[in-house]
$ cat final-v8.tsv   # TSV, C-alpha atoms
chain	number	residue	atom	x	y	z
B	176	MET	CA	-146.76	-9.63	17.60
B	177	SER	CA	-148.06	-13.17	18.07
B	178	LYS	CA	-148.82	-14.61	21.48
B	179	CYS	CA	-146.14	-17.27	20.91
B	180	ILE	CA	-143.41	-14.66	20.38
B	181	VAL	CA	-144.58	-12.65	23.39
B	182	GLY	CA	-144.56	-15.81	25.50
B	183	LEU	CA	-141.06	-16.67	24.32
B	184	ILE	CA	-139.78	-13.19	25.20
B	185	VAL	CA	-141.33	-13.44	28.67
B	186	MET	CA	-139.71	-16.85	29.24
B	187	LEU	CA	-136.30	-15.60	28.08
B	188	PHE	CA	-136.54	-12.53	30.32
B	189	ALA	CA	-137.56	-14.67	33.29
B	190	GLY	CA	-134.67	-17.02	32.65
B	191	MET	CA	-132.18	-14.14	32.50
B	192	LEU	CA	-133.61	-12.72	35.72
B	193	LEU	CA	-133.29	-16.10	37.43
B	194	VAL	CA	-129.66	-16.46	36.36
B	195	ALA	CA	-128.92	-12.93	37.55
B	196	CYS	CA	-130.47	-13.62	40.94
B	197	GLN	CA	-128.57	-16.89	41.31
B	198	SER	CA	-125.28	-15.27	40.39
B	199	LYS	CA	-125.81	-12.62	43.07
B	200	SER	CA	-126.52	-15.28	45.72
B	201	VAL	CA	-123.24	-17.12	45.13
B	202	GLU	CA	-120.42	-15.45	47.04
B	203	PRO	CA	-117.31	-15.16	44.86
B	204	VAL	CA	-114.14	-16.88	46.00
B	205	ALA	CA	-111.63	-14.40	47.40
B	206	LYS	CA	-108.50	-13.82	45.35
B	207	VAL	CA	-105.00	-13.82	46.83
B	208	LYS	CA	-101.42	-13.42	45.63
B	209	PRO	CA	-99.56	-16.73	45.29
B	210	ILE	CA	-97.13	-17.79	48.03
B	211	THR	CA	-94.37	-20.33	47.48
B	212	PRO	CA	-95.13	-23.20	49.91
B	213	PRO	CA	-92.50	-24.78	52.16
B	214	SER	CA	-90.24	-27.45	50.68
B	215	VAL	CA	-89.66	-31.07	51.69
B	216	GLU	CA	-86.01	-30.07	51.98
B	217	ASP	CA	-86.69	-27.59	54.80
B	218	ASP	CA	-85.21	-28.67	58.12
B	219	LYS	CA	-87.43	-26.45	60.27
B	220	PRO	CA	-91.09	-25.37	60.28
B	221	THR	CA	-92.26	-22.27	58.42
B	222	ASP	CA	-94.44	-19.54	59.91
B	223	LEU	CA	-96.68	-17.63	57.48
B	224	PRO	CA	-99.42	-15.01	57.99
B	225	GLY	CA	-102.12	-16.67	60.09
B	226	LEU	CA	-100.48	-20.07	59.67
B	227	HIS	CA	-97.81	-21.58	61.90
B	228	ASN	CA	-95.50	-24.57	62.11
B	229	VAL	CA	-96.01	-25.51	58.47
B	230	VAL	CA	-93.95	-28.50	57.28
B	231	ALA	CA	-94.00	-30.20	53.87
B	232	TYR	CA	-94.14	-34.00	54.03
B	233	THR	CA	-94.48	-34.41	50.27
B	234	PRO	CA	-94.56	-31.64	47.62
B	235	ASP	CA	-98.37	-31.53	47.90
B	236	THR	CA	-99.06	-32.64	51.51
B	237	PHE	CA	-98.43	-30.29	54.42
B	238	SER	CA	-98.85	-30.37	58.20
B	239	GLY	CA	-99.30	-27.40	60.51
B	240	ALA	CA	-101.32	-25.51	63.08
B	241	VAL	CA	-104.96	-24.49	62.86
B	242	PRO	CA	-105.47	-21.55	60.45
B	243	GLU	CA	-106.00	-18.30	62.36
B	244	GLY	CA	-109.15	-16.70	60.97
B	245	GLU	CA	-109.49	-15.52	57.40
B	246	GLN	CA	-105.81	-14.61	57.23
B	247	GLY	CA	-104.82	-18.23	57.78
B	248	PHE	CA	-107.16	-19.50	55.07
B	249	ALA	CA	-106.00	-16.76	52.71
B	250	THR	CA	-102.46	-18.06	53.19
B	251	LEU	CA	-103.59	-21.61	52.44
B	252	LYS	CA	-105.29	-20.38	49.29
B	253	ALA	CA	-102.13	-18.51	48.31
B	254	MET	CA	-100.11	-21.71	48.81
B	255	GLY	CA	-102.40	-23.47	46.34
B	256	ILE	CA	-104.10	-25.66	48.96
B	257	LYS	CA	-107.41	-27.17	47.81
B	258	THR	CA	-108.38	-29.38	50.77
B	259	VAL	CA	-107.93	-28.84	54.52
B	260	ILE	CA	-108.11	-31.83	56.89
B	261	SER	CA	-108.46	-31.21	60.62
B	262	VAL	CA	-107.43	-33.95	63.05
B	263	ASP	CA	-108.23	-31.68	66.02
B	264	GLY	CA	-111.43	-32.16	67.98
B	265	ALA	CA	-112.59	-28.54	67.62
B	266	LYS	CA	-115.24	-27.66	65.06
B	267	PRO	CA	-113.62	-26.42	61.80
B	268	ASP	CA	-114.20	-22.85	60.61
B	269	LEU	CA	-116.22	-23.78	57.52
B	270	ALA	CA	-117.27	-20.23	56.74
B	271	ALA	CA	-113.72	-18.89	56.53
B	272	ALA	CA	-112.57	-21.87	54.47
B	273	GLY	CA	-115.51	-21.50	52.10
B	274	LYS	CA	-114.70	-17.86	51.45
B	275	PHE	CA	-111.46	-19.00	49.86
B	276	GLY	CA	-112.92	-22.00	48.05
B	277	LEU	CA	-111.29	-24.58	50.33
B	278	ARG	CA	-112.86	-27.91	51.18
B	279	TYR	CA	-112.79	-28.94	54.85
B	280	VAL	CA	-112.68	-32.52	56.16
B	281	HIS	CA	-112.82	-33.35	59.88
B	282	LEU	CA	-111.19	-36.62	61.05
B	283	PRO	CA	-110.00	-36.06	64.65
B	284	ILE	CA	-107.44	-38.25	66.43
B	285	GLY	CA	-106.05	-38.34	69.97
B	286	TYR	CA	-102.56	-37.97	71.39
B	287	ASP	CA	-102.21	-41.70	71.98
B	288	GLY	CA	-101.77	-42.63	68.33
B	289	VAL	CA	-103.32	-42.98	64.88
B	290	PRO	CA	-105.50	-46.13	64.80
B	291	THR	CA	-105.36	-48.26	61.66
B	292	ASP	CA	-108.89	-47.37	60.57
B	293	ARG	CA	-108.11	-43.67	60.91
B	294	GLN	CA	-104.84	-44.10	59.01
B	295	LEU	CA	-106.79	-45.64	56.14
B	296	ALA	CA	-109.45	-42.91	56.23
B	297	LEU	CA	-106.81	-40.18	56.19
B	298	ALA	CA	-104.87	-41.89	53.41
B	299	ARG	CA	-108.00	-42.27	51.30
B	300	ALA	CA	-108.88	-38.61	51.82
B	301	VAL	CA	-105.38	-37.57	50.73
B	302	ARG	CA	-105.60	-39.88	47.70
B	303	ASP	CA	-109.13	-39.04	46.57
B	304	LEU	CA	-109.59	-35.34	47.36
B	305	ASP	CA	-108.20	-32.39	45.45
B	306	GLY	CA	-104.68	-31.42	46.40
B	307	PRO	CA	-102.46	-29.93	47.56
B	308	ILE	CA	-103.68	-30.85	51.03
B	309	TYR	CA	-103.06	-29.23	54.42
B	310	ILE	CA	-103.54	-31.34	57.58
B	311	HIS	CA	-103.74	-29.55	60.92
B	312	CYS	CA	-104.37	-30.04	64.62
B	313	HIS	CA	-104.28	-27.19	67.15
B	314	HIS	CA	-100.55	-26.51	67.50
B	315	GLY	CA	-99.42	-28.40	64.40
B	316	LYS	CA	-96.64	-30.24	66.19
B	317	HIS	CA	-97.92	-33.60	67.31
B	318	ARG	CA	-101.21	-35.00	65.99
B	319	SER	CA	-101.19	-33.36	62.56
B	320	ALA	CA	-97.58	-34.43	62.05
B	321	ALA	CA	-98.42	-38.04	62.90
B	322	ALA	CA	-101.58	-37.99	60.79
B	323	THR	CA	-99.74	-36.59	57.78
B	324	GLY	CA	-96.85	-39.00	58.15
B	325	ALA	CA	-99.13	-42.01	58.58
B	326	ALA	CA	-101.28	-41.06	55.57
B	327	CYS	CA	-98.29	-40.49	53.28
B	328	ALA	CA	-96.59	-43.73	54.39
B	329	THR	CA	-99.83	-45.68	53.91
B	330	LEU	CA	-100.05	-44.31	50.36
B	331	GLY	CA	-96.41	-45.19	49.67
B	332	ARG	CA	-95.55	-41.56	49.01
B	333	MET	CA	-92.81	-41.73	51.63
B	334	THR	CA	-91.27	-44.40	53.83
B	335	SER	CA	-92.24	-44.67	57.48
B	336	GLU	CA	-88.65	-43.71	58.34
B	337	ASP	CA	-88.92	-40.52	56.30
B	338	ALA	CA	-92.31	-39.80	57.87
B	339	VAL	CA	-90.80	-40.07	61.36
B	340	SER	CA	-87.98	-37.73	60.28
B	341	ARG	CA	-90.51	-35.13	59.13
B	342	MET	CA	-92.38	-35.49	62.44
B	343	LYS	CA	-89.18	-34.44	64.17
B	344	VAL	CA	-89.00	-31.38	61.92
B	345	SER	CA	-92.60	-30.57	62.95
B	346	GLY	CA	-91.47	-30.70	66.56
B	347	THR	CA	-93.36	-33.82	67.66
B	348	SER	CA	-92.21	-34.58	71.18
B	349	PRO	CA	-90.71	-38.04	71.80
B	350	LYS	CA	-92.98	-38.18	74.82
B	351	TYR	CA	-95.86	-39.01	72.45
B	352	LYS	CA	-94.68	-42.56	71.95
B	353	GLY	CA	-97.99	-43.77	70.54
B	354	LEU	CA	-97.85	-41.27	67.67
B	355	TYR	CA	-94.28	-42.21	66.79
B	356	SER	CA	-95.00	-45.94	67.11
B	357	ASP	CA	-98.00	-45.88	64.78
B	358	VAL	CA	-96.19	-43.88	62.11
B	359	SER	CA	-93.03	-45.99	62.34
B	360	HIS	CA	-95.16	-49.10	61.72
B	361	ALA	CA	-97.27	-47.57	58.93
B	362	MET	CA	-97.00	-49.57	55.72
B	363	MET	CA	-98.11	-48.99	52.15
B	364	VAL	CA	-101.41	-50.66	51.28
B	365	ASN	CA	-102.90	-51.41	47.86
B	366	ASP	CA	-105.92	-49.64	46.41
B	367	ALA	CA	-108.23	-52.54	47.20
B	368	LYS	CA	-107.41	-52.26	50.91
B	369	LEU	CA	-107.63	-48.48	50.81
B	370	ASN	CA	-111.04	-48.65	49.15
B	371	GLU	CA	-112.36	-50.50	52.21
B	372	ALA	CA	-112.05	-47.23	54.13
B	373	SER	CA	-115.06	-44.93	54.11
B	374	ASN	CA	-115.29	-42.41	51.30
B	375	VAL	CA	-117.54	-40.22	53.42
B	376	PHE	CA	-115.44	-37.22	54.37
B	377	PRO	CA	-117.42	-35.21	56.98
B	378	GLN	CA	-117.01	-31.47	57.29
B	379	VAL	CA	-117.71	-31.73	61.00
B	380	TRP	CA	-117.16	-34.92	62.96
B	381	GLN	CA	-119.93	-35.67	65.44
B	382	THR	CA	-118.08	-35.37	68.74
B	383	LYS	CA	-119.42	-36.39	72.15
B	384	GLY	CA	-121.89	-34.23	74.06
B	385	ILE	CA	-121.23	-32.34	77.26
B	386	VAL	CA	-122.06	-35.25	79.59
B	387	ASP	CA	-119.58	-37.61	77.92
B	388	ALA	CA	-117.05	-34.78	77.66
B	389	MET	CA	-117.29	-34.06	81.38
B	390	VAL	CA	-116.72	-37.75	82.14
B	391	ALA	CA	-113.64	-37.66	79.91
B	392	ILE	CA	-112.43	-34.46	81.59
B	393	ASP	CA	-112.77	-36.09	85.02
B	394	ASP	CA	-110.92	-39.13	83.68
B	395	ALA	CA	-108.02	-37.03	82.34
B	396	THR	CA	-107.86	-35.08	85.62
B	397	GLU	CA	-107.68	-38.29	87.66
B	398	HIS	CA	-104.92	-39.56	85.38
B	399	LEU	CA	-102.99	-36.35	85.96
B	400	LYS	CA	-103.40	-36.81	89.71
B	401	ASP	CA	-101.83	-40.28	89.41
B	402	ILE	CA	-99.04	-38.81	87.28
B	403	GLN	CA	-98.49	-36.05	89.85
B	404	GLN	CA	-98.21	-38.65	92.62
B	405	ALA	CA	-95.53	-40.39	90.55
B	406	GLY	CA	-93.46	-37.21	90.38
B	407	TRP	CA	-94.85	-36.21	86.99
B	408	GLN	CA	-93.69	-39.45	85.45
B	409	THR	CA	-95.64	-42.39	84.04
B	410	PRO	CA	-96.99	-44.30	87.07
B	411	ALA	CA	-95.53	-47.78	87.52
B	412	ASP	CA	-99.00	-49.26	87.94
B	413	HIS	CA	-100.40	-47.39	84.93
B	414	PRO	CA	-97.71	-47.71	82.20
B	415	ASP	CA	-100.05	-46.61	79.42
B	416	LEU	CA	-100.32	-43.06	80.77
B	417	VAL	CA	-98.23	-40.42	78.98
B	418	PRO	CA	-98.05	-37.26	81.13
B	419	ALA	CA	-97.93	-34.74	78.27
B	420	ALA	CA	-100.65	-36.58	76.37
B	421	GLU	CA	-103.03	-36.47	79.34
B	422	ALA	CA	-102.46	-32.72	79.75
B	423	GLY	CA	-103.01	-32.23	76.01
B	424	ARG	CA	-106.17	-34.33	76.09
B	425	LEU	CA	-107.54	-32.25	78.96
B	426	ALA	CA	-106.80	-29.05	77.04
B	427	ASP	CA	-108.61	-30.35	73.95
B	428	LEU	CA	-111.65	-31.51	75.89
B	429	LEU	CA	-112.04	-28.14	77.59
B	430	ARG	CA	-111.45	-26.12	74.43
B	431	ASN	CA	-113.79	-28.19	72.27
B	432	LEU	CA	-116.72	-27.74	74.66
B	433	GLN	CA	-117.17	-24.19	73.38
B	434	ASP	CA	-118.98	-25.72	70.38
B	435	ASP	CA	-121.41	-27.74	72.50
B	436	ALA	CA	-125.04	-26.58	72.29
B	437	ASP	CA	-125.61	-26.97	76.03
B	438	VAL	CA	-122.57	-24.85	76.83
B	439	LYS	CA	-123.66	-22.18	74.35
B	440	ALA	CA	-127.00	-21.99	76.13
B	441	GLU	CA	-125.25	-21.03	79.38
B	442	PRO	CA	-123.87	-17.55	80.17
B	443	ARG	CA	-120.75	-16.57	78.23
B	444	GLU	CA	-118.81	-16.77	81.49
B	445	LEU	CA	-118.86	-20.59	81.32
B	446	THR	CA	-117.27	-20.65	77.88
B	447	ASP	CA	-114.66	-18.12	78.98
B	448	TRP	CA	-113.76	-20.23	82.01
B	449	MET	CA	-113.40	-23.35	79.88
B	450	LEU	CA	-111.19	-21.61	77.34
B	451	GLU	CA	-109.04	-20.16	80.13
B	452	SER	CA	-108.69	-23.61	81.70
B	453	ALA	CA	-107.86	-25.07	78.29
B	454	ALA	CA	-105.05	-22.54	77.95
B	455	ASP	CA	-103.81	-23.46	81.44
B	456	ALA	CA	-103.85	-27.17	80.51
B	457	SER	CA	-101.95	-26.41	77.29
B	458	LYS	CA	-99.37	-24.55	79.38
B	459	LEU	CA	-99.07	-27.60	81.65
B	460	GLU	CA	-98.57	-29.79	78.57
B	461	ALA	CA	-95.80	-27.50	77.28
B	462	MET	CA	-94.11	-27.49	80.69
B	463	ILE	CA	-94.13	-31.30	80.75
B	464	VAL	CA	-92.87	-31.57	77.17
B	465	SER	CA	-89.96	-29.23	77.90
B	466	GLY	CA	-88.60	-31.83	80.30
B	467	ASP	CA	-86.81	-29.28	82.46
B	468	THR	CA	-89.66	-27.95	84.61
B	469	LYS	CA	-89.38	-28.63	88.32
B	470	PRO	CA	-92.15	-30.80	89.83
B	471	ALA	CA	-93.11	-27.98	92.20
B	472	LEU	CA	-93.90	-25.71	89.23
B	473	LEU	CA	-95.94	-28.47	87.60
B	474	ASP	CA	-97.81	-28.93	90.89
B	475	ALA	CA	-98.59	-25.21	90.97
B	476	GLN	CA	-99.83	-25.16	87.37
B	477	PHE	CA	-102.02	-28.23	87.93
B	478	LYS	CA	-103.47	-26.54	91.04
B	479	VAL	CA	-104.50	-23.54	88.89
B	480	ILE	CA	-106.47	-25.91	86.66
B	481	ARG	CA	-108.08	-27.84	89.50
B	482	ASP	CA	-109.06	-24.65	91.37
B	483	ALA	CA	-110.71	-23.28	88.23
B	484	CYS	CA	-112.62	-26.53	87.77
B	485	SER	CA	-113.84	-26.44	91.36
B	486	THR	CA	-115.05	-22.85	90.99
B	487	CYS	CA	-116.88	-23.76	87.79
B	488	HIS	CA	-118.46	-26.85	89.35
B	489	VAL	CA	-119.85	-24.87	92.28
B	490	LYS	CA	-121.70	-22.48	89.98
B	491	TYR	CA	-122.62	-24.62	86.97
B	492	ARG	CA	-122.50	-28.27	87.97
B	493	ASN	CA	-123.02	-28.79	91.69
$ encode --input "final-v8.tsv" --output "structure tokens"
Amino acid sequence: MSKCIVGLIVMLFAGMLLVACQSKSVEPVAKVKPITPPSVEDDKPTDLPGLHNVVAYTPDTFSGAVPEGEQGFATLKAMGIKTVISVDGAKPDLAAAGKFGLRYVHLPIGYDGVPTDRQLALARAVRDLDGPIYIHCHHGKHRSAAATGAACATLGRMTSEDAVSRMKVSGTSPKYKGLYSDVSHAMMVNDAKLNEASNVFPQVWQTKGIVDAMVAIDDATEHLKDIQQAGWQTPADHPDLVPAAEAGRLADLLRNLQDDADVKAEPRELTDWMLESAADASKLEAMIVSGDTKPALLDAQFKVIRDACSTCHVKYRN
């Protein structure tokens, strides 16, 4: 056998071995049984395995809560979802999404509204990325609803009036006036305007570090003190403060710190305290949103949060 033939055989064998090794290193996408997604005709949210408060805004654009572990992403896969957009501040679960072949985009917003530049970025993501698309925040009631409505209205896939109607189906509280205002004023833009928005769709948005976060936490806490002094209403001298929004912002800031490198370097106790305080702040938000909680009960819940912060400060900050 000539040296040329032997060399060719060796090259072919090496190539086959390389392909085999590469195929073993690529994790296959998990398979699931199809699930019929919610309809735009539904007048209430749908709860599915690992996925809550799901509402269809268009036949291929959905809003809802954060997927709960692999089960939540399996449900998204079963619904036919291709792209997941998070408008929550917390770091997305890229590993779980990747297991089911889902693309993740992270474009967080606050409770005060959806700024024009973020509306354009969200609309471009919905236009340019593979659909169907699922947009989520933490609870799936307020920010994701506004983000989805604003994006769809900006694209002309629904009117701003219809978007506001779907927000109500999602359960967006009227107390979040900024969210409702921005969606109600959202208007369709042409492709030229939309193309001015960035086409960089980050998997993880670079959020602020622990120092900036702590400043923001102190700021939200001080705002809640002013709101408490006003009987848990918007203070007359601070008309831009929305009580529920400030409680929600505090909850997000505390919860999102679990992903901070400095926090991770501390004992696990610190993360546990922050998550517990985040849950307490979320409870305060829900109590405010309900509109029927007595001020004394709100005072007591706010005291739980402040006491926990003081205990944490003594050990880890002071």
$ closest_residue --input "final-v8.tsv" --among "B:Asp366, B:Arg481, B:Ala411, B:Gly346" --to "Asp393 of chain B" --atoms "only C-alpha atoms"
B:Arg481
$ axis_aligned_box --input "final-v8.tsv" --around "segment 455-465 of chain B" --padding-each-side "3 Å" --output "lines of an AutoDock Vina configuration file"
center_x = -96.9
center_y = -27.5
center_z = 79.4
size_x = 19.9
size_y = 14.1
size_z = 10.5
$ residues_around --input "final-v8.tsv" --residues "Cys327 of chain B" --least-positions-apart "4" --cutoff "8 Å" --atoms "only C-alpha atoms" --output "count of residues only"
8
$ atom_distance --input "final-v8.tsv" --atom1 "atom CA of Ser359 of chain B" --atom2 "atom CA of Gly315 of chain B"
18.8 Å
$ residues_around --input "final-v8.tsv" --residues "Lys274 of chain B" --least-positions-apart "5" --cutoff "12 Å" --atoms "only C-alpha atoms" --output "PyMOL selection string"
chain B and resi 201-207+244-249+251-252+268-269+279
